[in-house]
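The file model-v2.cif contains mmCIF, C-alpha atoms and all ligand atoms:
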data_run
loop_
_atom_site.label_atom_id
_atom_site.label_comp_id
_atom_site.auth_asym_id
_atom_site.auth_seq_id
_atom_site.Cartn_x
_atom_site.Cartn_y
_atom_site.Cartn_z
CA MET A 250 -35.99 116.06 3.44
CA VAL A 251 -39.41 114.61 2.62
CA LYS A 252 -42.01 115.28 5.24
CA ILE A 253 -45.61 114.22 5.54
CA SER A 254 -47.98 117.12 5.79
CA PRO A 255 -49.35 117.20 9.31
CA SER A 256 -52.86 117.47 7.94
CA GLU A 257 -52.49 113.91 6.57
CA ILE A 258 -51.44 112.37 9.85
CA THR A 259 -53.23 114.41 12.47
CA PRO A 260 -56.88 115.02 13.23
CA GLU A 261 -57.87 118.43 11.95
CA HIS A 262 -58.63 119.98 15.32
CA VAL A 263 -55.20 119.03 16.62
CA PHE A 264 -53.60 120.47 13.52
CA LEU A 265 -55.58 123.67 13.92
CA ASN A 266 -54.48 123.96 17.49
CA ARG A 267 -50.89 123.69 16.37
CA ARG A 268 -51.41 126.50 13.95
CA ARG A 269 -52.86 128.53 16.75
CA PHE A 270 -49.83 127.82 18.88
CA MET A 271 -47.59 128.99 16.10
CA ALA A 272 -49.67 132.13 15.77
CA ALA A 273 -49.47 132.62 19.52
CA ALA A 274 -45.71 132.27 19.34
CA GLY A 275 -45.63 135.05 16.79
CA ALA A 276 -44.92 133.03 13.66
CA THR A 277 -45.98 134.54 10.36
CA ALA A 278 -47.22 132.72 7.27
CA GLY A 279 -43.85 133.44 5.73
CA ALA A 280 -42.01 131.86 8.60
CA LEU A 281 -44.19 128.78 8.32
CA ALA A 282 -43.40 128.43 4.65
CA LEU A 283 -39.75 128.18 5.62
CA ALA A 284 -40.46 125.15 7.77
CA GLY A 285 -37.52 122.90 7.51
CA CYS A 286 -34.86 121.21 9.47
CA SER A 287 -35.42 122.75 12.84
CA THR A 288 -32.38 121.14 14.42
CA THR A 289 -30.38 123.88 12.72
CA PRO A 290 -29.18 126.19 15.47
CA LEU A 291 -31.65 129.02 15.46
CA SER A 292 -31.57 132.54 16.71
CA GLY A 293 -33.83 131.77 19.62
CA ARG A 294 -36.64 134.03 18.49
CA ALA A 295 -40.01 132.52 19.26
CA THR A 296 -40.90 132.56 15.57
CA ASP A 297 -38.05 130.18 14.88
CA LEU A 298 -38.88 127.64 17.47
CA VAL A 299 -41.98 126.06 16.06
CA GLU A 300 -41.62 126.20 12.31
CA SER A 301 -41.50 122.46 11.88
CA ASP A 302 -43.97 120.01 10.40
CA SER A 303 -44.48 118.47 13.80
CA PRO A 304 -44.49 121.05 16.51
CA ALA A 305 -44.76 118.87 19.54
CA VAL A 306 -47.58 120.62 21.22
CA VAL A 307 -51.31 121.01 21.22
CA VAL A 308 -52.53 124.36 22.41
CA ARG A 309 -55.82 126.09 22.89
CA ARG A 310 -56.19 129.55 24.28
CA PRO A 311 -57.22 131.51 26.17
CA GLN A 312 -58.83 129.77 29.06
CA ASN A 313 -58.83 131.78 32.22
CA LEU A 314 -59.16 129.73 35.31
CA PRO A 315 -60.04 131.41 38.56
CA PRO A 316 -60.45 129.04 41.49
CA ALA A 317 -64.18 129.73 41.22
CA LEU A 318 -64.17 127.21 38.37
CA ALA A 319 -62.91 124.50 40.67
CA HIS A 320 -66.30 122.82 40.71
CA THR A 321 -66.37 122.27 36.94
CA GLU A 322 -65.99 118.84 35.45
CA PRO A 323 -62.57 117.95 34.08
CA THR A 324 -62.43 118.80 30.38
CA ALA A 325 -59.79 118.98 27.67
CA SER A 326 -60.21 120.22 24.12
CA VAL A 327 -58.65 117.11 22.58
CA ASN A 328 -58.27 113.51 23.66
CA GLN A 329 -54.75 112.80 22.46
CA ASP A 330 -51.32 114.35 22.08
CA GLU A 331 -49.81 115.37 18.74
CA LEU A 332 -48.29 111.90 18.37
CA GLY A 333 -51.77 110.37 18.56
CA ASP A 334 -51.44 108.90 22.05
CA PRO A 335 -54.43 109.23 24.38
CA LEU A 336 -54.48 111.60 27.33
CA ASN A 337 -54.11 109.95 30.69
CA LYS A 338 -57.26 109.99 32.76
CA PHE A 339 -57.80 112.68 35.38
CA GLU A 340 -57.83 109.95 38.04
CA GLU A 341 -54.50 108.53 36.86
CA ILE A 342 -52.82 111.93 36.77
CA THR A 343 -54.01 112.87 40.27
CA ASN A 344 -53.42 109.57 42.06
CA TYR A 345 -49.86 108.68 41.01
CA ASN A 346 -47.66 111.61 42.00
CA ASN A 347 -44.11 112.38 43.02
CA PHE A 348 -44.17 115.10 45.69
CA TYR A 349 -41.75 114.16 48.44
CA GLU A 350 -42.93 117.02 50.63
CA PHE A 351 -46.00 114.88 51.29
CA SER A 352 -44.95 111.28 50.75
CA THR A 353 -42.47 109.12 48.88
CA ASN A 354 -45.35 106.78 48.07
CA LYS A 355 -46.88 108.00 44.80
CA GLU A 356 -50.26 106.58 45.68
CA SER A 357 -50.41 108.36 49.07
CA VAL A 358 -49.54 111.87 47.90
CA ALA A 359 -53.12 112.82 47.03
CA ARG A 360 -54.36 111.93 50.51
CA GLU A 361 -51.40 113.50 52.34
CA ALA A 362 -51.73 116.73 50.34
CA ALA A 363 -55.48 117.10 50.79
CA GLY A 364 -55.20 119.61 53.65
CA PHE A 365 -52.49 121.77 52.10
CA ASN A 366 -53.44 125.49 51.83
CA SER A 367 -52.70 126.37 48.22
CA TYR A 368 -54.87 129.48 48.20
CA PRO A 369 -54.25 132.38 48.66
CA TRP A 370 -50.71 132.29 47.27
CA GLN A 371 -47.98 134.67 46.22
CA VAL A 372 -45.05 134.23 43.84
CA GLU A 373 -41.95 136.42 44.08
CA ILE A 374 -39.83 137.22 41.01
CA THR A 375 -36.50 138.47 42.26
CA GLY A 376 -32.74 138.54 41.67
CA LEU A 377 -31.11 140.08 38.62
CA VAL A 378 -34.19 141.88 37.31
CA ASN A 379 -35.00 145.55 36.87
CA ASN A 380 -38.59 145.04 37.91
CA PRO A 381 -38.87 142.64 40.87
CA MET A 382 -42.46 141.60 41.53
CA VAL A 383 -44.61 139.85 44.09
CA LEU A 384 -47.66 138.53 42.29
CA ASP A 385 -50.80 137.22 43.88
CA ILE A 386 -52.07 134.05 42.20
CA ASP A 387 -55.27 135.90 41.23
CA ASP A 388 -53.14 138.56 39.50
CA ILE A 389 -51.32 135.80 37.67
CA TYR A 390 -54.59 134.37 36.34
CA LYS A 391 -55.64 137.84 35.19
CA ARG A 392 -52.35 139.05 33.76
CA TYR A 393 -51.31 135.98 31.81
CA PRO A 394 -53.79 134.33 29.43
CA GLN A 395 -54.09 130.70 30.43
CA GLU A 396 -53.85 128.20 27.60
CA GLU A 397 -54.09 124.45 27.30
CA ARG A 398 -50.89 122.50 26.62
CA ILE A 399 -50.98 118.77 26.00
CA TYR A 400 -47.56 117.46 27.06
CA ARG A 401 -45.93 114.15 27.81
CA LEU A 402 -44.42 113.98 31.30
CA ARG A 403 -41.54 111.51 31.52
CA CYS A 404 -40.27 110.72 35.00
CA VAL A 405 -36.62 109.75 35.44
CA GLU A 406 -38.02 106.55 36.99
CA ALA A 407 -39.10 105.51 33.46
CA TRP A 408 -42.85 105.97 33.63
CA SER A 409 -44.80 108.58 31.69
CA MET A 410 -48.19 110.19 31.19
CA VAL A 411 -49.90 112.52 28.71
CA ILE A 412 -51.28 115.51 30.62
CA PRO A 413 -53.55 118.36 29.45
CA TRP A 414 -52.03 121.24 31.41
CA VAL A 415 -53.39 124.75 31.61
CA GLY A 416 -50.80 127.47 32.05
CA PHE A 417 -48.71 130.12 30.35
CA PRO A 418 -45.12 130.53 29.12
CA ILE A 419 -42.57 131.40 31.80
CA SER A 420 -41.20 133.89 29.30
CA ALA A 421 -44.25 136.11 29.89
CA ILE A 422 -43.48 136.58 33.56
CA LEU A 423 -39.73 136.91 32.98
CA LYS A 424 -40.21 139.58 30.33
CA ASP A 425 -42.35 141.58 32.77
CA ALA A 426 -39.59 141.31 35.38
CA GLU A 427 -37.01 142.61 32.86
CA PRO A 428 -33.92 140.46 33.43
CA LYS A 429 -30.66 142.41 33.60
CA SER A 430 -28.00 141.81 30.96
CA GLU A 431 -25.99 139.56 33.29
CA ALA A 432 -28.95 137.20 33.85
CA ARG A 433 -28.04 133.61 32.93
CA TYR A 434 -30.24 131.25 34.97
CA VAL A 435 -33.53 131.07 36.79
CA ARG A 436 -33.79 129.38 40.17
CA PHE A 437 -37.20 128.06 41.27
CA VAL A 438 -38.10 127.31 44.88
CA THR A 439 -41.01 125.36 46.39
CA VAL A 440 -42.86 126.68 49.44
CA TYR A 441 -41.35 125.70 52.81
CA ARG A 442 -44.14 124.76 55.22
CA PRO A 443 -43.07 121.83 57.36
CA GLU A 444 -46.20 122.22 59.48
CA GLU A 445 -48.31 121.38 56.41
CA MET A 446 -45.86 119.17 54.55
CA ARG A 447 -44.80 116.26 56.65
CA GLY A 448 -42.04 115.22 54.25
CA GLN A 449 -40.30 118.51 55.04
CA ARG A 450 -40.07 117.37 58.66
CA SER A 451 -37.83 114.53 57.46
CA GLY A 452 -34.31 114.68 56.08
CA ILE A 453 -34.91 112.72 52.86
CA LEU A 454 -34.08 115.81 50.76
CA ASP A 455 -32.70 119.28 51.48
CA TRP A 456 -35.73 121.52 51.82
CA PRO A 457 -37.10 123.58 50.27
CA TYR A 458 -37.02 121.77 46.93
CA GLN A 459 -35.15 123.84 44.34
CA GLU A 460 -34.71 123.65 40.60
CA GLY A 461 -33.10 125.69 37.88
CA LEU A 462 -33.11 126.40 34.17
CA ARG A 463 -30.74 128.24 31.91
CA MET A 464 -32.33 131.57 30.91
CA ASP A 465 -32.80 130.48 27.28
CA GLU A 466 -34.47 127.25 28.42
CA ALA A 467 -36.82 129.22 30.66
CA MET A 468 -37.62 131.58 27.77
CA HIS A 469 -38.44 128.72 25.39
CA PRO A 470 -42.13 128.78 24.40
CA LEU A 471 -42.65 125.16 25.47
CA ALA A 472 -41.57 125.90 29.07
CA ILE A 473 -44.64 126.86 31.08
CA LEU A 474 -45.88 127.62 34.53
CA ALA A 475 -48.96 125.43 34.94
CA THR A 476 -51.93 126.56 37.02
CA GLY A 477 -54.42 123.92 35.95
CA MET A 478 -55.06 120.59 34.33
CA TYR A 479 -58.11 119.23 32.45
CA GLY A 480 -59.55 122.75 32.58
CA LYS A 481 -59.52 122.87 36.39
CA PRO A 482 -57.09 124.43 38.85
CA LEU A 483 -54.21 122.13 39.80
CA THR A 484 -54.86 119.69 42.61
CA ASN A 485 -52.58 119.97 45.62
CA GLN A 486 -50.81 116.73 44.71
CA GLN A 487 -49.90 118.23 41.32
CA GLY A 488 -48.24 121.28 42.86
CA ALA A 489 -51.09 123.74 43.34
CA PRO A 490 -51.51 126.54 42.70
CA ILE A 491 -48.57 126.95 40.29
CA ARG A 492 -45.74 124.69 39.16
CA LEU A 493 -43.14 124.46 36.45
CA VAL A 494 -43.62 122.15 33.44
CA VAL A 495 -40.61 121.58 31.14
CA PRO A 496 -41.74 118.71 28.93
CA TRP A 497 -38.39 117.81 27.33
CA LYS A 498 -36.72 117.24 30.71
CA TYR A 499 -37.17 114.51 33.29
CA GLY A 500 -40.10 115.13 35.57
CA PHE A 501 -38.05 116.17 38.61
CA LYS A 502 -37.19 119.46 36.88
CA SER A 503 -40.90 120.37 36.90
CA ILE A 504 -40.92 121.78 40.42
CA LYS A 505 -44.24 122.09 42.25
CA SER A 506 -45.95 124.74 44.41
CA VAL A 507 -43.47 127.44 43.43
CA VAL A 508 -43.07 130.61 45.54
CA THR A 509 -39.83 132.07 44.15
CA LEU A 510 -38.30 132.65 40.74
CA GLU A 511 -34.83 134.10 41.21
CA VAL A 512 -32.85 135.29 38.20
CA THR A 513 -29.13 134.63 38.74
CA ASP A 514 -25.77 134.82 36.98
CA THR A 515 -24.52 131.54 38.47
CA ILE A 516 -25.84 128.03 38.01
CA PRO A 517 -28.42 127.30 40.73
CA ASP A 518 -28.11 124.35 43.08
CA THR A 519 -30.83 121.81 42.43
CA THR A 520 -32.29 119.44 45.00
CA TRP A 521 -31.69 116.20 43.13
CA SER A 522 -28.21 116.97 41.88
CA ALA A 523 -27.25 117.90 45.45
CA ALA A 524 -28.79 114.67 46.78
CA ALA A 525 -27.14 112.38 44.20
CA PRO A 526 -24.68 114.27 41.98
CA HIS A 527 -23.57 111.19 40.03
CA GLU A 528 -27.18 110.28 39.19
CA TYR A 529 -28.90 113.60 38.47
CA GLY A 530 -27.42 116.53 36.60
CA PHE A 531 -28.53 120.08 36.03
CA TYR A 532 -29.79 119.59 32.47
CA ALA A 533 -31.71 116.33 32.92
CA ASN A 534 -32.90 116.31 29.32
CA VAL A 535 -34.81 113.15 28.46
CA ASN A 536 -32.30 111.00 26.55
CA PRO A 537 -32.92 107.33 25.71
CA ASN A 538 -29.20 106.90 24.93
CA VAL A 539 -27.93 107.83 28.37
CA ASN A 540 -28.93 105.37 31.04
CA HIS A 541 -29.46 106.18 34.65
CA PRO A 542 -26.62 104.54 36.63
CA ARG A 543 -29.16 102.08 38.02
CA TRP A 544 -31.56 101.48 35.12
CA SER A 545 -32.07 101.89 31.39
CA GLN A 546 -33.68 105.03 30.01
CA ALA A 547 -34.28 103.47 26.58
CA SER A 548 -37.93 102.71 27.25
CA GLU A 549 -40.75 103.69 29.57
CA ARG A 550 -44.06 102.51 30.98
CA ARG A 551 -46.97 104.72 29.98
CA ILE A 552 -49.33 104.78 32.95
CA GLY A 553 -52.53 102.96 31.98
CA GLU A 554 -50.80 100.81 29.34
CA ASN A 555 -49.32 97.34 29.40
CA GLY A 556 -45.79 96.79 28.23
CA ARG A 557 -43.23 99.46 27.46
CA ARG A 558 -42.73 102.00 24.72
CA PRO A 559 -39.47 103.47 23.45
CA THR A 560 -38.39 106.72 25.08
CA LEU A 561 -38.01 109.56 22.58
CA MET A 562 -35.06 111.96 22.45
CA PHE A 563 -35.98 115.10 24.38
CA ASN A 564 -39.25 113.28 25.16
CA GLY A 565 -40.42 113.83 21.57
CA TYR A 566 -39.69 117.57 21.51
CA GLU A 567 -36.34 117.29 19.74
CA GLU A 568 -37.28 119.43 16.75
CA GLU A 569 -38.30 122.23 19.05
CA VAL A 570 -35.49 122.21 21.60
CA ALA A 571 -32.38 120.49 20.24
CA TYR A 572 -30.87 123.80 19.11
CA LEU A 573 -30.60 124.86 22.76
CA TYR A 574 -27.91 122.23 23.21
CA ALA A 575 -26.02 122.59 19.93
CA GLY A 576 -22.36 121.78 20.52
CA MET A 577 -22.93 120.16 23.89
CA ASP A 578 -21.95 116.53 24.42
CA LEU A 579 -25.35 115.09 25.29
CA THR A 580 -23.81 111.90 26.66
CA ARG A 581 -22.00 113.93 29.31
CA SER A 582 -24.12 117.02 29.82
CA TYR A 583 -26.91 115.39 31.71
N1 LIG A 601 -41.52 120.35 45.08
C1 LIG A 601 -41.47 119.21 44.40
N2 LIG A 601 -41.61 119.22 43.06
C2 LIG A 601 -41.57 118.05 42.37
C3 LIG A 601 -41.33 116.82 43.02
C4 LIG A 601 -41.19 116.83 44.44
O1 LIG A 601 -40.99 115.79 45.10
N3 LIG A 601 -41.27 118.04 45.09
N4 LIG A 601 -41.25 115.65 42.27
C5 LIG A 601 -40.87 115.80 40.87
C6 LIG A 601 -40.97 114.57 40.10
S1 LIG A 601 -39.77 113.38 40.39
C7 LIG A 601 -41.88 114.38 39.10
S2 LIG A 601 -41.87 113.02 38.12
C8 LIG A 601 -42.98 115.37 38.90
C9 LIG A 601 -44.31 114.65 39.02
O2 LIG A 601 -45.38 115.49 38.71
P1 LIG A 601 -46.87 114.93 38.82
O3 LIG A 601 -47.00 114.29 40.19
O4 LIG A 601 -47.75 116.10 38.63
O5 LIG A 601 -47.01 113.89 37.75
O6 LIG A 601 -42.95 116.42 39.86
C10 LIG A 601 -41.66 116.90 40.18
N5 LIG A 601 -41.76 118.09 41.00
MO MO A 602 -39.82 111.97 38.57
#
Using structure tokens, write down the structure that the file contains.
Ligand SMILES: Nc1nc2c(c(=O)[nH]1)N[C@H]1C(S)=C(S)[C@@H](COP(=O)(O)O)O[C@H]1N2
Ligand SMILES: [Mo]
Amino acid sequence: MVKISPSEITPEHVFLNRRRFMAAAGATAGALALAGCSTTPLSGRATDLVESDSPAVVVRRPQNLPPALAHTEPTASVNQDELGDPLNKFEEITNYNNFYEFSTNKESVAREAAGFNSYPWQVEITGLVNNPMVLDIDDIYKRYPQEERIYRLRCVEAWSMVIPWVGFPISAILKDAEPKSEARYVRFVTVYRPEEMRGQRSGILDWPYQEGLRMDEAMHPLAILATGMYGKPLTNQQGAPIRLVVPWKYGFKSIKSVVTLEVTDTIPDTTWSAAAPHEYGFYANVNPNVNHPRWSQASERRIGENGRRPTLMFNGYEEEVAYLYAGMDLTRSY
């Protein structure tokens, strides 16, 4: 397989950041030299996940982000993703949001969420773990080095953005909680505060919003808990102070304002698959070949652009994540 060296097709600083990500993931120079066809089922060790010529991620670390930095200007270390597409603007990312707890109108969420109390905050890690924890958000900032991750976000509604998140791998928190041997899934739950979230006073969805990942998906180095964006703490409309980001899945998997991570041995119920089981499955991997029952998923509208662009398998992260689904029928396992 002939591959173009990333240094020929990528600005040097982006390339360097990739190398840093690989270092952060524990890859050695030897492992990098073995870079090859990463769709081969791999052992699941972090060192195996990113040894491709196009790791689909731009990372810079560390970047600790206490709320005291909230007054700083939005900044990102690069201005494009690893495919060369520009970052969406801060204003675009924070004024076009899906967060049904506040509004079903994407352009009203920012205003409706303005009074939400996202600080102080606690996150509970519970279930099938030897070391259950309740972590204050300030402890989370201190304990887990915050790093920048430039990811595409692809909504099931066929629009997308490029977002410079700040966060840390979910694996870090799960390792600290020490999952028991029977652990198979992680269930994530959004805060339930109908007095602050007017959408929760309606019956449009079953509240609180819930999501789930298979344990190996949650442990994947690309799966993060985000605490910031453009070098600032998350805005309320983005799911402050902490939300999931799983870039190879449709946006609804990336649950906002998380208060609970529960490790389970059974597949968790998820809000959207409960609401419309024939339209939304548990996996919800971005797949241009499997249409939504009501619209095509072959292409998408990048916010801020005219026209449409083709949707990429696993949202462009195929080399990194396809092995997780080896042997699964991707036309059925949505
Ligand atoms: N709790 C909660 N999380 C949520 C949602 C929601 O309505 N409630 N919407 C989801 C959907 S459909 C998408 S596309 C992303 C949007 O994230 P963004 O507004 O930060 O772009 O959040 C997801 N997480
Ligand atoms: Mo979405």
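Each of A:Asn485, A:Ser548, A:Thr513, A:Gln395 was checked against Thr560 in chain A using all atoms listed in the file; the smallest atom-to-atom distance is that of A:Ser548.
Among the candidates A:Gln371, A:Asn564, A:Ser352, A:Gln487, the one nearest to Gln546 in chain A when counting all atoms listed in the file is A:Asn564.
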Show me a table, sorted first by chain and then by increasing residue number, of the residues of range 468-526 of chain A having an atom at most 8 Å from range 430-453 of chain A, each with its shortest atom pair and the distance in Å to one decimal, counting only C-alpha atoms and written as CSV.
residue,atom,partner,partner_atom,distance
A:Ile504,CA,A:Thr439,CA,7.0
A:Lys505,CA,A:Thr439,CA,6.2
A:Ser506,CA,A:Thr439,CA,5.4
A:Val507,CA,A:Thr439,CA,4.4
A:Val508,CA,A:Val440,CA,5.5
A:Thr509,CA,A:Val438,CA,5.1
A:Leu510,CA,A:Phe437,CA,4.7
A:Glu511,CA,A:Arg436,CA,4.9
A:Val512,CA,A:Val435,CA,4.5
A:Thr513,CA,A:Tyr434,CA,5.2
A:Asp514,CA,A:Arg433,CA,4.8
A:Thr515,CA,A:Tyr434,CA,6.7
A:Ile516,CA,A:Tyr434,CA,6.2
A:Pro517,CA,A:Arg436,CA,5.8
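Between Arg401 in chain A and the candidates A:Ala525, A:Ile552, A:Leu377, A:Ala362, the tightest atom-to-atom separation, counting all atoms listed in the file, involves A:Ile552.
Among the candidates A:Gly530, A:Pro542, A:Gly500, A:Gly553, the one nearest to ligand MO 602 (chain A) when counting all atoms listed in the file is A:Gly500.
In terms of minimum interatomic distance to Pro418 in chain A, A:Pro470 ranks closest within A:Pro470, A:Lys391, A:Pro457, A:Arg463, counting only C-alpha atoms.
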Discussion item. Taking (-50.1, 125.8, 30.6) as a centre in this file's frame and 9 Å as the limit, can you find every polymer residue with an atom that close, using all atoms listed in the file, and give them as JSON, numbers by chain?
Written reply: {"A": [308, 395, 396, 397, 398, 399, 413, 414, 415, 416, 417, 418, 472, 473, 474, 475, 476, 477, 478, 494]}
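With distances taken over only C-alpha atoms and all ligand atoms, A:Leu402 is the one residue among A:Leu402, A:Val495, A:Leu423, A:Leu462 lying closest to ligand LIG 601 (chain A).
From CA of Asp465 in chain A back to CA of Leu579 in chain A, the distance works out to 17.2 Å.
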Practice prompt. Provide the CA of Cys404 in chain A to CA of Ala571 in chain A distance in Å, to one decimal place.
Written response: 19.4 Å
Item to complete: Residues up to 9 Å from ligand MO 602 (chain A), counting only C-alpha atoms and all ligand atoms: could you list those as a VMD selection string?
Response: chain A and resid 346 to 348 402 to 408 499 to 503
Could you save the residues just selected, with C-alpha atoms, as a PDB file, keeping the file's coordinate frame?
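Output file result-v3.pdb is given in full below:
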ATOM      1  CA  ASN A 346     -47.660 111.610  42.000  1.00  0.00           C
ATOM      2  CA  ASN A 347     -44.110 112.380  43.020  1.00  0.00           C
ATOM      3  CA  PHE A 348     -44.170 115.100  45.690  1.00  0.00           C
ATOM      4  CA  LEU A 402     -44.420 113.980  31.300  1.00  0.00           C
ATOM      5  CA  ARG A 403     -41.540 111.510  31.520  1.00  0.00           C
ATOM      6  CA  CYS A 404     -40.270 110.720  35.000  1.00  0.00           C
ATOM      7  CA  VAL A 405     -36.620 109.750  35.440  1.00  0.00           C
ATOM      8  CA  GLU A 406     -38.020 106.550  36.990  1.00  0.00           C
ATOM      9  CA  ALA A 407     -39.100 105.510  33.460  1.00  0.00           C
ATOM     10  CA  TRP A 408     -42.850 105.970  33.630  1.00  0.00           C
ATOM     11  CA  TYR A 499     -37.170 114.510  33.290  1.00  0.00           C
ATOM     12  CA  GLY A 500     -40.100 115.130  35.570  1.00  0.00           C
ATOM     13  CA  PHE A 501     -38.050 116.170  38.610  1.00  0.00           C
ATOM     14  CA  LYS A 502     -37.190 119.460  36.880  1.00  0.00           C
ATOM     15  CA  SER A 503     -40.900 120.370  36.900  1.00  0.00           C
TER      16      SER A 503
END
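Here CA of Asn379 in chain A and CA of Glu466 in chain A stand 20.2 Å from one another.
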Reconstructed N, CA and C atoms for range 502-523 of chain A, given as a tab-separated table (two decimals), keeping the file's coordinate frame:
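Below you can see out.tsv, which holds the result:
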chain	number	residue	atom	x	y	z
A	502	LYS	N	-37.44	118.03	37.14
A	502	LYS	CA	-37.19	119.46	36.88
A	502	LYS	C	-38.48	120.28	37.05
A	503	SER	N	-39.62	119.64	36.90
A	503	SER	CA	-40.90	120.37	36.90
A	503	SER	C	-41.38	120.59	38.33
A	504	ILE	N	-40.76	121.53	38.99
A	504	ILE	CA	-40.92	121.78	40.42
A	504	ILE	C	-42.32	122.30	40.74
A	505	LYS	N	-42.84	121.82	41.87
A	505	LYS	CA	-44.24	122.09	42.25
A	505	LYS	C	-44.36	123.21	43.27
A	506	SER	N	-45.57	123.75	43.37
A	506	SER	CA	-45.95	124.74	44.41
A	506	SER	C	-44.84	125.79	44.59
A	507	VAL	N	-44.59	126.50	43.50
A	507	VAL	CA	-43.47	127.44	43.43
A	507	VAL	C	-43.82	128.76	44.11
A	508	VAL	N	-42.89	129.28	44.92
A	508	VAL	CA	-43.07	130.61	45.54
A	508	VAL	C	-42.02	131.62	45.08
A	509	THR	N	-40.90	131.14	44.54
A	509	THR	CA	-39.83	132.07	44.15
A	509	THR	C	-39.26	131.71	42.79
A	510	LEU	N	-39.12	132.73	41.95
A	510	LEU	CA	-38.30	132.65	40.74
A	510	LEU	C	-37.18	133.67	40.94
A	511	GLU	N	-35.96	133.19	40.99
A	511	GLU	CA	-34.83	134.10	41.21
A	511	GLU	C	-33.91	134.07	39.99
A	512	VAL	N	-33.73	135.20	39.36
A	512	VAL	CA	-32.85	135.29	38.20
A	512	VAL	C	-31.42	135.48	38.72
A	513	THR	N	-30.50	134.64	38.21
A	513	THR	CA	-29.13	134.63	38.74
A	513	THR	C	-28.11	134.68	37.60
A	514	ASP	N	-26.85	134.92	37.97
A	514	ASP	CA	-25.77	134.82	36.98
A	514	ASP	C	-24.92	133.58	37.21
A	515	THR	N	-25.25	132.79	38.22
A	515	THR	CA	-24.52	131.54	38.47
A	515	THR	C	-25.50	130.38	38.45
A	516	ILE	N	-24.97	129.19	38.16
A	516	ILE	CA	-25.84	128.03	38.01
A	516	ILE	C	-26.46	127.68	39.37
A	517	PRO	N	-27.79	127.57	39.43
A	517	PRO	CA	-28.42	127.30	40.73
A	517	PRO	C	-28.16	125.87	41.20
A	518	ASP	N	-28.09	125.69	42.51
A	518	ASP	CA	-28.11	124.35	43.08
A	518	ASP	C	-29.49	123.75	42.84
A	519	THR	N	-29.54	122.47	42.58
A	519	THR	CA	-30.83	121.81	42.43
A	519	THR	C	-30.91	120.66	43.42
A	520	THR	N	-32.10	120.40	43.91
A	520	THR	CA	-32.29	119.44	45.00
A	520	THR	C	-31.74	118.07	44.65
A	521	TRP	N	-32.08	117.57	43.45
A	521	TRP	CA	-31.69	116.20	43.13
A	521	TRP	C	-30.21	116.09	42.78
A	522	SER	N	-29.64	117.10	42.16
A	522	SER	CA	-28.21	116.97	41.88
A	522	SER	C	-27.39	117.13	43.16
A	523	ALA	N	-27.94	117.84	44.15
A	523	ALA	CA	-27.25	117.90	45.45
A	523	ALA	C	-27.38	116.56	46.18
